[in-house]
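Asker: Got a file for you: structure.tsv, TSV, C-alpha atoms.
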```tsv
chain	number	residue	atom	x	y	z
V	1	MET	CA	-6.72	21.77	-7.25
V	2	ALA	CA	-5.16	21.29	-10.60
V	3	ASP	CA	-5.10	23.88	-13.33
V	4	PRO	CA	-8.04	24.06	-15.72
V	5	MET	CA	-8.17	22.10	-18.95
V	6	ARG	CA	-8.33	23.75	-22.31
V	7	ILE	CA	-11.19	22.29	-24.29
V	8	ARG	CA	-12.25	23.11	-27.81
V	9	ALA	CA	-15.39	21.61	-29.29
V	10	ASN	CA	-16.26	22.33	-32.89
V	11	ALA	CA	-19.25	21.19	-34.88
V	12	VAL	CA	-18.00	19.52	-38.08
V	13	GLY	CA	-20.90	18.45	-40.27
V	14	ASP	CA	-23.13	16.22	-38.15
V	15	ALA	CA	-20.36	15.45	-35.70
V	16	THR	CA	-18.55	17.31	-32.98
V	17	GLU	CA	-14.80	17.32	-32.78
V	18	VAL	CA	-13.40	17.70	-29.29
V	19	LYS	CA	-9.82	18.57	-28.46
V	20	VAL	CA	-8.64	18.63	-24.87
V	21	LEU	CA	-5.40	19.76	-23.34
V	22	MET	CA	-5.11	18.86	-19.68
V	23	ASN	CA	-2.65	20.26	-17.18
V	24	HIS	CA	-1.06	17.38	-15.35
V	25	GLU	CA	2.44	16.25	-14.41
V	26	MET	CA	1.91	12.61	-15.42
V	27	GLU	CA	4.78	11.33	-13.27
V	28	THR	CA	5.61	7.70	-14.09
V	29	GLY	CA	6.91	6.60	-10.72
V	30	LEU	CA	10.09	5.40	-12.42
V	31	ARG	CA	12.08	8.63	-12.38
V	32	LYS	CA	14.42	9.62	-9.60
V	33	ASP	CA	15.15	13.07	-8.21
V	34	ALA	CA	18.60	14.59	-7.59
V	35	GLN	CA	18.90	12.71	-4.28
V	36	GLY	CA	18.23	9.39	-5.99
V	37	LYS	CA	14.82	9.03	-4.41
V	38	VAL	CA	12.04	7.73	-6.59
V	39	ILE	CA	9.48	10.36	-7.47
V	40	PRO	CA	6.12	8.75	-6.71
V	41	ALA	CA	3.78	8.06	-9.59
V	42	TRP	CA	1.15	10.69	-10.20
V	43	PHE	CA	-0.94	10.40	-13.31
V	44	ILE	CA	-4.45	10.60	-14.68
V	45	GLN	CA	-6.21	7.24	-14.56
V	46	ASN	CA	-9.70	7.94	-15.82
V	47	VAL	CA	-11.05	10.38	-18.33
V	48	THR	CA	-14.70	10.68	-19.24
V	49	ALA	CA	-16.45	12.93	-21.68
V	50	THR	CA	-20.17	13.60	-21.59
V	51	HIS	CA	-22.52	15.49	-23.84
V	52	ASN	CA	-26.07	16.21	-22.65
V	53	GLY	CA	-25.58	13.74	-19.83
V	54	LYS	CA	-24.64	10.98	-22.29
V	55	ASN	CA	-21.22	9.38	-22.11
V	56	VAL	CA	-19.37	9.96	-25.38
V	57	LEU	CA	-15.93	8.64	-24.40
V	58	SER	CA	-14.31	7.01	-21.43
V	59	ALA	CA	-10.65	6.24	-21.18
V	60	GLN	CA	-8.23	4.58	-18.80
V	61	TRP	CA	-4.70	5.87	-18.91
V	62	GLY	CA	-1.40	4.60	-17.66
V	63	PRO	CA	1.63	6.67	-16.73
V	64	ALA	CA	2.92	6.38	-20.31
V	65	VAL	CA	0.64	9.16	-21.48
V	66	SER	CA	2.63	12.35	-21.96
V	67	LYS	CA	2.83	15.23	-19.54
V	68	ASN	CA	0.02	17.73	-20.04
V	69	PRO	CA	-1.99	15.17	-22.01
V	70	PHE	CA	-3.67	15.90	-25.28
V	71	LEU	CA	-6.77	14.07	-26.41
V	72	SER	CA	-8.87	14.42	-29.50
V	73	PHE	CA	-11.99	12.54	-30.58
V	74	LYS	CA	-15.21	12.99	-32.53
V	75	PHE	CA	-18.77	12.05	-31.72
V	76	LYS	CA	-21.97	12.20	-33.73
V	77	GLY	CA	-24.53	14.79	-32.79
V	78	GLY	CA	-24.09	17.93	-30.81
V	79	THR	CA	-25.16	21.34	-32.02
V	80	LYS	CA	-23.70	24.75	-31.50
V	81	GLY	CA	-24.23	26.18	-28.04
V	82	GLU	CA	-24.48	22.80	-26.32
V	83	LYS	CA	-21.97	21.82	-23.67
V	84	VAL	CA	-19.35	19.11	-23.56
V	85	GLN	CA	-17.98	18.09	-20.18
V	86	ILE	CA	-14.65	16.44	-19.53
V	87	THR	CA	-13.69	14.91	-16.20
V	88	TRP	CA	-10.44	13.33	-15.15
V	89	THR	CA	-9.42	11.52	-11.98
V	90	ASP	CA	-5.79	10.85	-11.06
V	91	ASN	CA	-4.22	8.17	-8.90
V	92	LYS	CA	-4.17	10.51	-5.89
V	93	GLY	CA	-7.92	10.88	-6.09
V	94	ASP	CA	-7.74	14.42	-7.40
V	95	LYS	CA	-10.49	15.26	-9.80
V	96	ARG	CA	-11.30	18.01	-12.21
V	97	THR	CA	-14.25	18.77	-14.47
V	98	ASP	CA	-14.34	21.42	-17.13
V	99	GLU	CA	-16.83	22.16	-19.82
V	100	ALA	CA	-16.81	23.85	-23.18
V	101	THR	CA	-19.47	25.14	-25.50
V	102	ILE	CA	-19.68	23.64	-28.97
V	103	ALA	CA	-18.78	26.27	-31.54
S	1	MET	CA	19.70	-20.87	-11.93
S	2	ASN	CA	19.29	-17.21	-11.30
S	3	ILE	CA	16.92	-16.82	-14.18
S	4	LYS	CA	14.74	-19.64	-13.01
S	5	ARG	CA	14.61	-18.28	-9.53
S	6	ARG	CA	13.55	-14.89	-10.83
S	7	GLU	CA	10.89	-16.36	-12.99
S	8	ALA	CA	9.55	-18.32	-10.07
S	9	LEU	CA	9.48	-15.23	-7.90
S	10	LYS	CA	7.85	-13.23	-10.62
S	11	SER	CA	5.13	-15.70	-11.41
S	12	GLY	CA	4.59	-16.35	-7.71
S	13	GLY	CA	4.15	-12.66	-7.12
S	14	GLY	CA	1.85	-12.38	-10.10
S	15	VAL	CA	-0.42	-15.10	-8.83
S	16	THR	CA	-0.71	-13.49	-5.42
S	17	LEU	CA	-1.51	-10.18	-7.00
S	18	LEU	CA	-4.14	-11.69	-9.25
S	19	ALA	CA	-5.69	-13.49	-6.32
S	20	LEU	CA	-5.81	-10.28	-4.34
S	21	ILE	CA	-7.36	-8.41	-7.22
S	22	ALA	CA	-9.93	-11.10	-7.76
S	23	ALA	CA	-10.72	-11.09	-4.06
S	24	ALA	CA	-11.19	-7.35	-4.08
S	25	GLY	CA	-13.56	-7.73	-6.98
S	26	TRP	CA	-11.41	-5.71	-9.31
S	27	ALA	CA	-11.16	-8.29	-12.04
S	28	ALA	CA	-14.70	-7.48	-13.02
S	29	PRO	CA	-15.86	-7.63	-16.64
S	30	ARG	CA	-15.50	-4.65	-18.91
S	31	GLU	CA	-18.98	-3.28	-18.30
S	32	ALA	CA	-18.12	-2.66	-14.68
S	33	LEU	CA	-14.75	-1.20	-15.56
S	34	ALA	CA	-16.25	1.35	-17.88
S	35	ALA	CA	-17.35	3.24	-14.79
S	36	ASP	CA	-14.86	5.05	-12.62
S	37	SER	CA	-12.35	2.30	-12.07
S	38	TRP	CA	-8.92	1.49	-13.35
S	39	ASN	CA	-7.78	-1.84	-14.74
S	40	LYS	CA	-4.59	-2.20	-12.72
S	41	THR	CA	-3.90	-5.71	-14.01
S	42	ALA	CA	-3.88	-4.55	-17.61
S	43	PHE	CA	-1.63	-1.59	-16.89
S	44	ASP	CA	0.89	-3.83	-15.10
S	45	THR	CA	1.36	-6.19	-18.02
S	46	LYS	CA	4.60	-6.47	-19.91
S	47	SER	CA	3.70	-8.34	-23.09
S	48	MET	CA	1.10	-8.27	-25.81
S	49	ASP	CA	-0.44	-11.58	-24.75
S	50	GLU	CA	-0.70	-10.57	-21.12
S	51	THR	CA	-2.30	-7.28	-21.98
S	52	THR	CA	-4.87	-8.81	-24.27
S	53	LYS	CA	-5.64	-11.38	-21.61
S	54	ALA	CA	-6.00	-8.73	-18.92
S	55	LEU	CA	-8.44	-6.90	-21.14
S	56	GLY	CA	-10.47	-10.08	-21.42
S	57	GLY	CA	-9.53	-11.27	-24.89
S	58	THR	CA	-7.53	-13.96	-26.62
S	59	SER	CA	-4.86	-13.66	-29.30
S	60	PRO	CA	-5.71	-10.68	-31.50
S	61	VAL	CA	-6.00	-10.94	-35.29
S	62	PRO	CA	-3.83	-8.61	-37.41
S	63	SER	CA	-6.05	-6.21	-39.27
S	64	LYS	CA	-5.50	-3.76	-42.11
S	65	ASP	CA	-8.59	-1.83	-41.09
S	66	ILE	CA	-6.76	-0.17	-38.23
S	67	THR	CA	-4.73	2.82	-39.33
S	68	PHE	CA	-2.40	5.19	-37.58
S	69	PHE	CA	-2.56	8.91	-38.26
S	70	GLN	CA	-0.47	11.81	-36.99
S	71	THR	CA	1.99	9.15	-35.90
S	72	PRO	CA	5.57	9.95	-36.91
S	73	ASP	CA	8.06	7.41	-38.31
S	74	ILE	CA	10.74	9.19	-36.37
S	75	ALA	CA	9.95	11.02	-33.15
S	76	GLU	CA	12.53	13.51	-32.02
S	77	ASN	CA	11.29	13.70	-28.46
S	78	GLY	CA	10.33	10.42	-26.83
S	79	ALA	CA	8.44	12.25	-24.09
S	80	VAL	CA	5.81	13.50	-26.50
S	81	VAL	CA	4.96	11.14	-29.34
S	82	PRO	CA	1.65	11.85	-31.06
S	83	ILE	CA	-0.35	8.70	-31.72
S	84	GLY	CA	-3.62	8.65	-33.61
S	85	VAL	CA	-5.60	5.49	-34.24
S	86	THR	CA	-8.61	4.97	-36.48
S	87	SER	CA	-10.49	1.71	-36.71
S	88	ALA	CA	-12.60	0.96	-39.75
S	89	ILE	CA	-13.86	-2.27	-38.20
S	90	PRO	CA	-17.62	-2.17	-37.62
S	91	LYS	CA	-18.82	-2.18	-34.00
S	92	THR	CA	-15.53	-1.03	-32.55
S	93	GLU	CA	-15.94	-1.02	-28.79
S	94	SER	CA	-12.54	-0.01	-27.54
S	95	ILE	CA	-9.11	1.05	-28.71
S	96	ALA	CA	-5.94	0.51	-26.69
S	97	ILE	CA	-2.50	1.93	-27.41
S	98	LEU	CA	0.49	-0.21	-26.48
S	99	VAL	CA	4.18	0.61	-26.70
S	100	GLU	CA	6.26	-2.54	-26.95
S	101	LYS	CA	9.44	-1.48	-25.21
S	102	ASN	CA	8.01	0.64	-22.44
S	103	PRO	CA	8.27	-0.73	-18.87
S	104	ASN	CA	4.57	-1.47	-19.02
S	105	MET	CA	3.15	-1.95	-22.47
S	106	LEU	CA	-0.32	-0.51	-22.10
S	107	ALA	CA	-0.30	3.27	-22.43
S	108	ALA	CA	-3.97	4.10	-22.76
S	109	MET	CA	-7.30	2.52	-23.53
S	110	PHE	CA	-10.45	4.17	-24.76
S	111	ASP	CA	-13.99	2.86	-24.59
S	112	ILE	CA	-15.94	3.95	-27.63
S	113	PRO	CA	-19.69	4.15	-27.00
S	114	ALA	CA	-22.09	3.97	-29.96
S	115	GLY	CA	-22.22	7.32	-31.71
S	116	THR	CA	-18.59	8.16	-31.11
S	117	GLU	CA	-16.24	7.71	-34.04
S	118	PRO	CA	-13.64	4.97	-33.51
S	119	SER	CA	-10.84	7.42	-34.03
S	120	ILE	CA	-8.83	8.96	-31.23
S	121	SER	CA	-5.56	10.75	-30.93
S	122	THR	CA	-3.33	11.46	-27.98
S	123	ARG	CA	0.34	11.75	-27.04
S	124	VAL	CA	2.42	9.12	-25.25
S	125	LYS	CA	5.89	8.69	-23.82
S	126	MET	CA	8.31	6.26	-25.40
S	127	GLY	CA	11.52	5.15	-23.71
S	128	GLN	CA	13.17	4.04	-26.94
S	129	SER	CA	12.50	3.12	-30.56
S	130	SER	CA	9.84	0.46	-30.56
S	131	ASN	CA	6.73	-0.90	-32.17
S	132	VAL	CA	3.47	0.79	-31.26
S	133	TYR	CA	0.41	-1.43	-31.29
S	134	ALA	CA	-3.21	-0.48	-31.59
S	135	LEU	CA	-5.44	-3.12	-30.07
S	136	VAL	CA	-9.05	-2.84	-31.14
S	137	LYS	CA	-11.99	-4.69	-29.68
S	138	ALA	CA	-14.86	-4.93	-32.11
S	139	ASP	CA	-17.97	-7.07	-31.73
S	140	GLY	CA	-16.27	-9.09	-28.98
S	141	LYS	CA	-13.18	-9.90	-31.06
S	142	TYR	CA	-9.71	-8.44	-30.85
S	143	TYR	CA	-7.70	-6.98	-33.74
S	144	VAL	CA	-4.26	-5.50	-33.81
S	145	ALA	CA	-2.08	-3.31	-35.99
S	146	SER	CA	1.43	-2.06	-35.42
S	147	LYS	CA	3.73	0.70	-36.51
S	148	GLU	CA	7.39	1.20	-35.81
S	149	VAL	CA	8.34	4.54	-34.30
S	150	LYS	CA	11.99	5.49	-34.02
S	151	VAL	CA	12.94	7.76	-31.16
S	152	THR	CA	15.96	9.99	-31.47
S	153	LEU	CA	17.02	11.26	-28.09
S	154	GLY	CA	18.92	14.43	-27.39
S	155	GLY	CA	19.49	15.80	-30.83
S	156	CYS	CA	18.25	17.85	-33.68
S	157	GLY	CA	16.67	14.93	-35.46
S	158	GLY	CA	20.09	13.28	-35.70
```
Please, can you express the file's structure as structure tokens?

Answerer:
Amino acid sequence: MADPMRIRANAVGDATEVKVLMNHEMETGLRKDAQGKVIPAWFIQNVTATHNGKNVLSAQWGPAVSKNPFLSFKFKGGTKGEKVQITWTDNKGDKRTDEATIA
Amino acid sequence: MNIKRREALKSGGGVTLLALIAAAGWAAPREALAADSWNKTAFDTKSMDETTKALGGTSPVPSKDITFFQTPDIAENGAVVPIGVTSAIPKTESIAILVEKNPNMLAAMFDIPAGTEPSISTRVKMGQSSNVYALVKADGKYYVASKEVKVTLGGCGG
């Protein structure tokens, strides 16, 4: 199981600003190790964010997204104390969901 | 002669792949893709036209309503280049970030449901100095904007 994400969700006016820092290697599949063997690709493919069961963002990523990816977006609505959930799935089928409380 | 042969091999391979994908039902329209699937075709593309096509569009229109923020003119570390894109086009449905000179152009794409602001920021890898494109789908049409980002490798901003 991968390490937890760090999520911050802040209410800004009538919107909620979400910032996510995920822990992931994001290996491109193009690099080689010291023995000259290709390191297999390992990266996050899908990211979804939900608020109160409603999808607020979904993303598809390629291996060109940086290691330990950062993501920031804003959605309308959301009040303090409510939860925002972020889920990612990588190309090995590993999955992680974390949630944060809107502050 | 070599070049032609390679092109033939390449396009031949591409066709087979497309056929396979279509057979497996992967080349589904965007609504289906929004779920938990990954648009492999789009992430394999190597040019602007191919990517737009793989995402289901035709030649995108340059737009001044797409702006970059937090995006440096010169990035010191190509492994971590912050890219922020805001679209002022009404009914923006999705935003894709493409790096021209990366092995595969498409870096990330975001589906923006109603109620979410068409403004996202993330960090991408860049192999070398190149143009970064933001491809925006709004109301069924495609728009594009670009920004040049220089990458200085291995140095203190030199």

Asker: With a distance cut-off of 7 Å and only C-alpha atoms, select the neighbouring residues of range 26-30 of chain V, excluding the residue or stretch itself and same-chain residues fewer than 6 positions from it, and output the selection as a list in words.

Answerer: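 The contact residues come out as Val38, Ile39, Pro40, Ala41, Trp42, Phe43, Ile44, Pro63, Ala64, Ser66 and Lys67 of chain V.
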
Asker: Pick from S:Thr71, S:Ser37, S:Thr51, S:Thr58: nearest to chain V, with all atoms listed in the file counted?

Answerer: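 With all atoms listed in the file as the atom set, the closest residue is S:Ser37.
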
Asker: Could you give me, as an NGL selection string, the residues that have an atom at most 12 Å away from the point (-16.9, 17.5, -24.9) in the coordinates of the file, using only C-alpha atoms?

Answerer: (:V and (5-11 or 15-21 or 47-58 or 71-87 or 97-103)) or (:S and (116))

Asker: Counting all atoms listed in the file, which residues of chain S fall within 7 Å of chain V, and what is the closest atom pair for each with its distance in Å at one decimal, ordered by chain and rising number, as a Markdown table?

Answerer:
```
| residue | atom | partner | partner_atom | distance |
| --- | --- | --- | --- | --- |
| S:Ala34 | CA | V:Ser58 | CA | 7.0 |
| S:Asp36 | CA | V:Asn46 | CA | 6.7 |
| S:Trp38 | CA | V:Gln60 | CA | 6.3 |
| S:Phe43 | CA | V:Gly62 | CA | 6.2 |
| S:Ala79 | CA | V:Ser66 | CA | 6.2 |
| S:Val80 | CA | V:Ser66 | CA | 5.7 |
| S:Leu106 | CA | V:Gly62 | CA | 6.9 |
| S:Ala107 | CA | V:Ala64 | CA | 5.0 |
| S:Ala108 | CA | V:Trp61 | CA | 4.3 |
| S:Met109 | CA | V:Gln60 | CA | 5.2 |
| S:Phe110 | CA | V:Ala59 | CA | 4.1 |
| S:Asp111 | CA | V:Ser58 | CA | 5.2 |
| S:Ile112 | CA | V:Leu57 | CA | 5.7 |
| S:Pro113 | CA | V:Val56 | CA | 6.0 |
| S:Gly115 | CA | V:Lys76 | CA | 5.3 |
| S:Thr116 | CA | V:Phe75 | CA | 3.9 |
| S:Glu117 | CA | V:Phe75 | CA | 5.5 |
| S:Ser119 | CA | V:Phe73 | CA | 6.3 |
| S:Ile120 | CA | V:Phe73 | CA | 4.8 |
| S:Ser121 | CA | V:Ser72 | CA | 5.1 |
| S:Thr122 | CA | V:Leu71 | CA | 4.6 |
| S:Arg123 | CA | V:Ser66 | CA | 5.6 |
| S:Val124 | CA | V:Val65 | CA | 4.2 |
| S:Lys125 | CA | V:Ala64 | CA | 5.1 |
```

Asker: I'd like the interatomic distance between CA of Ile66 in chain S and CA of Leu98 in chain S, to a tenth of an Å.

Answerer: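 Going from CA of Ile66 in chain S over to CA of Leu98 in chain S covers 13.8 Å.
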
Asker: What separation in Å, quoted to one decimal, exists between CA of Lys137 in chain S and CA of Asp44 in chain S?

Answerer: 19.5 Å

Asker: Just give me the gap between CA of Ala138 in chain S and CA of Ile95 in chain S in Å, one decimal is fine.

Answerer: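 Between these atoms lies a distance of 9.0 Å.
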
Asker: Kindly indicate which residue among S:Asp139, S:Glu100, S:Glu76, S:Asp65 lies nearest to Ala88 in chain S, using all atoms listed in the file for the distances.

Answerer: S:Asp65

Asker: Reconstruct N, CA and C atoms of range 11-41 of chain V from the incomplete input and present them as an mmCIF file, in the coordinates of the input.

Answerer:
```cif
data_model
loop_
_atom_site.group_PDB
_atom_site.id
_atom_site.type_symbol
_atom_site.label_atom_id
_atom_site.label_comp_id
_atom_site.auth_asym_id
_atom_site.auth_seq_id
_atom_site.Cartn_x
_atom_site.Cartn_y
_atom_site.Cartn_z
ATOM 1 N N ALA V 11 -18.318 21.967 -34.072
ATOM 2 C CA ALA V 11 -19.250 21.190 -34.880
ATOM 3 C C ALA V 11 -18.669 21.052 -36.282
ATOM 4 N N VAL V 12 -18.507 19.794 -36.727
ATOM 5 C CA VAL V 12 -18.000 19.520 -38.080
ATOM 6 C C VAL V 12 -19.031 18.638 -38.758
ATOM 7 N N GLY V 13 -19.820 19.218 -39.639
ATOM 8 C CA GLY V 13 -20.900 18.450 -40.270
ATOM 9 C C GLY V 13 -21.889 18.013 -39.203
ATOM 10 N N ASP V 14 -22.183 16.696 -39.155
ATOM 11 C CA ASP V 14 -23.130 16.220 -38.150
ATOM 12 C C ASP V 14 -22.405 15.684 -36.915
ATOM 13 N N ALA V 15 -21.119 15.945 -36.841
ATOM 14 C CA ALA V 15 -20.360 15.450 -35.700
ATOM 15 C C ALA V 15 -19.725 16.616 -34.937
ATOM 16 N N THR V 16 -19.245 16.306 -33.771
ATOM 17 C CA THR V 16 -18.550 17.310 -32.980
ATOM 18 C C THR V 16 -17.133 16.828 -32.725
ATOM 19 N N GLU V 17 -16.189 17.665 -33.023
ATOM 20 C CA GLU V 17 -14.800 17.320 -32.780
ATOM 21 C C GLU V 17 -14.346 17.974 -31.488
ATOM 22 N N VAL V 18 -13.815 17.174 -30.591
ATOM 23 C CA VAL V 18 -13.400 17.700 -29.290
ATOM 24 C C VAL V 18 -11.894 17.548 -29.148
ATOM 25 N N LYS V 19 -11.258 18.618 -28.725
ATOM 26 C CA LYS V 19 -9.820 18.570 -28.460
ATOM 27 C C LYS V 19 -9.592 19.058 -27.036
ATOM 28 N N VAL V 20 -8.856 18.290 -26.280
ATOM 29 C CA VAL V 20 -8.640 18.630 -24.870
ATOM 30 C C VAL V 20 -7.148 18.661 -24.576
ATOM 31 N N LEU V 21 -6.763 19.671 -23.846
ATOM 32 C CA LEU V 21 -5.400 19.760 -23.340
ATOM 33 C C LEU V 21 -5.506 19.862 -21.828
ATOM 34 N N MET V 22 -5.004 18.848 -21.133
ATOM 35 C CA MET V 22 -5.110 18.860 -19.680
ATOM 36 C C MET V 22 -3.791 19.314 -19.078
ATOM 37 N N ASN V 23 -3.857 19.859 -17.889
ATOM 38 C CA ASN V 23 -2.650 20.260 -17.180
ATOM 39 C C ASN V 23 -2.359 19.227 -16.107
ATOM 40 N N HIS V 24 -1.383 18.394 -16.346
ATOM 41 C CA HIS V 24 -1.060 17.380 -15.350
ATOM 42 C C HIS V 24 0.380 16.930 -15.507
ATOM 43 N N GLU V 25 1.029 16.643 -14.380
ATOM 44 C CA GLU V 25 2.440 16.250 -14.410
ATOM 45 C C GLU V 25 2.673 14.898 -15.079
ATOM 46 N N MET V 26 1.767 13.954 -14.874
ATOM 47 C CA MET V 26 1.910 12.610 -15.420
ATOM 48 C C MET V 26 3.264 11.993 -15.049
ATOM 49 N N GLU V 27 3.510 11.888 -13.764
ATOM 50 C CA GLU V 27 4.780 11.330 -13.270
ATOM 51 C C GLU V 27 4.678 9.808 -13.312
ATOM 52 N N THR V 28 5.720 9.147 -13.866
ATOM 53 C CA THR V 28 5.610 7.700 -14.090
ATOM 54 C C THR V 28 5.819 6.865 -12.838
ATOM 55 N N GLY V 29 6.551 7.420 -11.876
ATOM 56 C CA GLY V 29 6.910 6.600 -10.720
ATOM 57 C C GLY V 29 8.196 5.835 -10.950
ATOM 58 N N LEU V 30 8.838 6.080 -12.099
ATOM 59 C CA LEU V 30 10.090 5.400 -12.420
ATOM 60 C C LEU V 30 11.286 6.365 -12.355
ATOM 61 N N ARG V 31 10.995 7.652 -12.381
ATOM 62 C CA ARG V 31 12.080 8.630 -12.380
ATOM 63 C C ARG V 31 12.596 8.867 -10.962
ATOM 64 N N LYS V 32 13.843 9.317 -10.889
ATOM 65 C CA LYS V 32 14.420 9.620 -9.600
ATOM 66 C C LYS V 32 14.799 11.097 -9.540
ATOM 67 N N ASP V 33 14.762 11.667 -8.334
ATOM 68 C CA ASP V 33 15.150 13.070 -8.210
ATOM 69 C C ASP V 33 16.661 13.161 -7.967
ATOM 70 N N ALA V 34 17.160 14.367 -7.718
ATOM 71 C CA ALA V 34 18.600 14.590 -7.590
ATOM 72 C C ALA V 34 19.204 13.790 -6.443
ATOM 73 N N GLN V 35 18.398 13.479 -5.413
ATOM 74 C CA GLN V 35 18.900 12.710 -4.280
ATOM 75 C C GLN V 35 18.807 11.197 -4.510
ATOM 76 N N GLY V 36 18.343 10.818 -5.670
ATOM 77 C CA GLY V 36 18.230 9.390 -5.990
ATOM 78 C C GLY V 36 16.975 8.752 -5.436
ATOM 79 N N LYS V 37 16.080 9.579 -4.906
ATOM 80 C CA LYS V 37 14.820 9.030 -4.410
ATOM 81 C C LYS V 37 13.815 8.943 -5.549
ATOM 82 N N VAL V 38 13.031 7.897 -5.536
ATOM 83 C CA VAL V 38 12.040 7.730 -6.590
ATOM 84 C C VAL V 38 10.923 8.755 -6.413
ATOM 85 N N ILE V 39 10.596 9.426 -7.501
ATOM 86 C CA ILE V 39 9.480 10.360 -7.470
ATOM 87 C C ILE V 39 8.194 9.532 -7.612
ATOM 88 N N PRO V 40 7.292 9.633 -6.650
ATOM 89 C CA PRO V 40 6.120 8.750 -6.710
ATOM 90 C C PRO V 40 5.253 9.009 -7.952
ATOM 91 N N ALA V 41 4.620 7.951 -8.405
ATOM 92 C CA ALA V 41 3.780 8.060 -9.590
ATOM 93 C C ALA V 41 2.597 8.980 -9.316
#
```
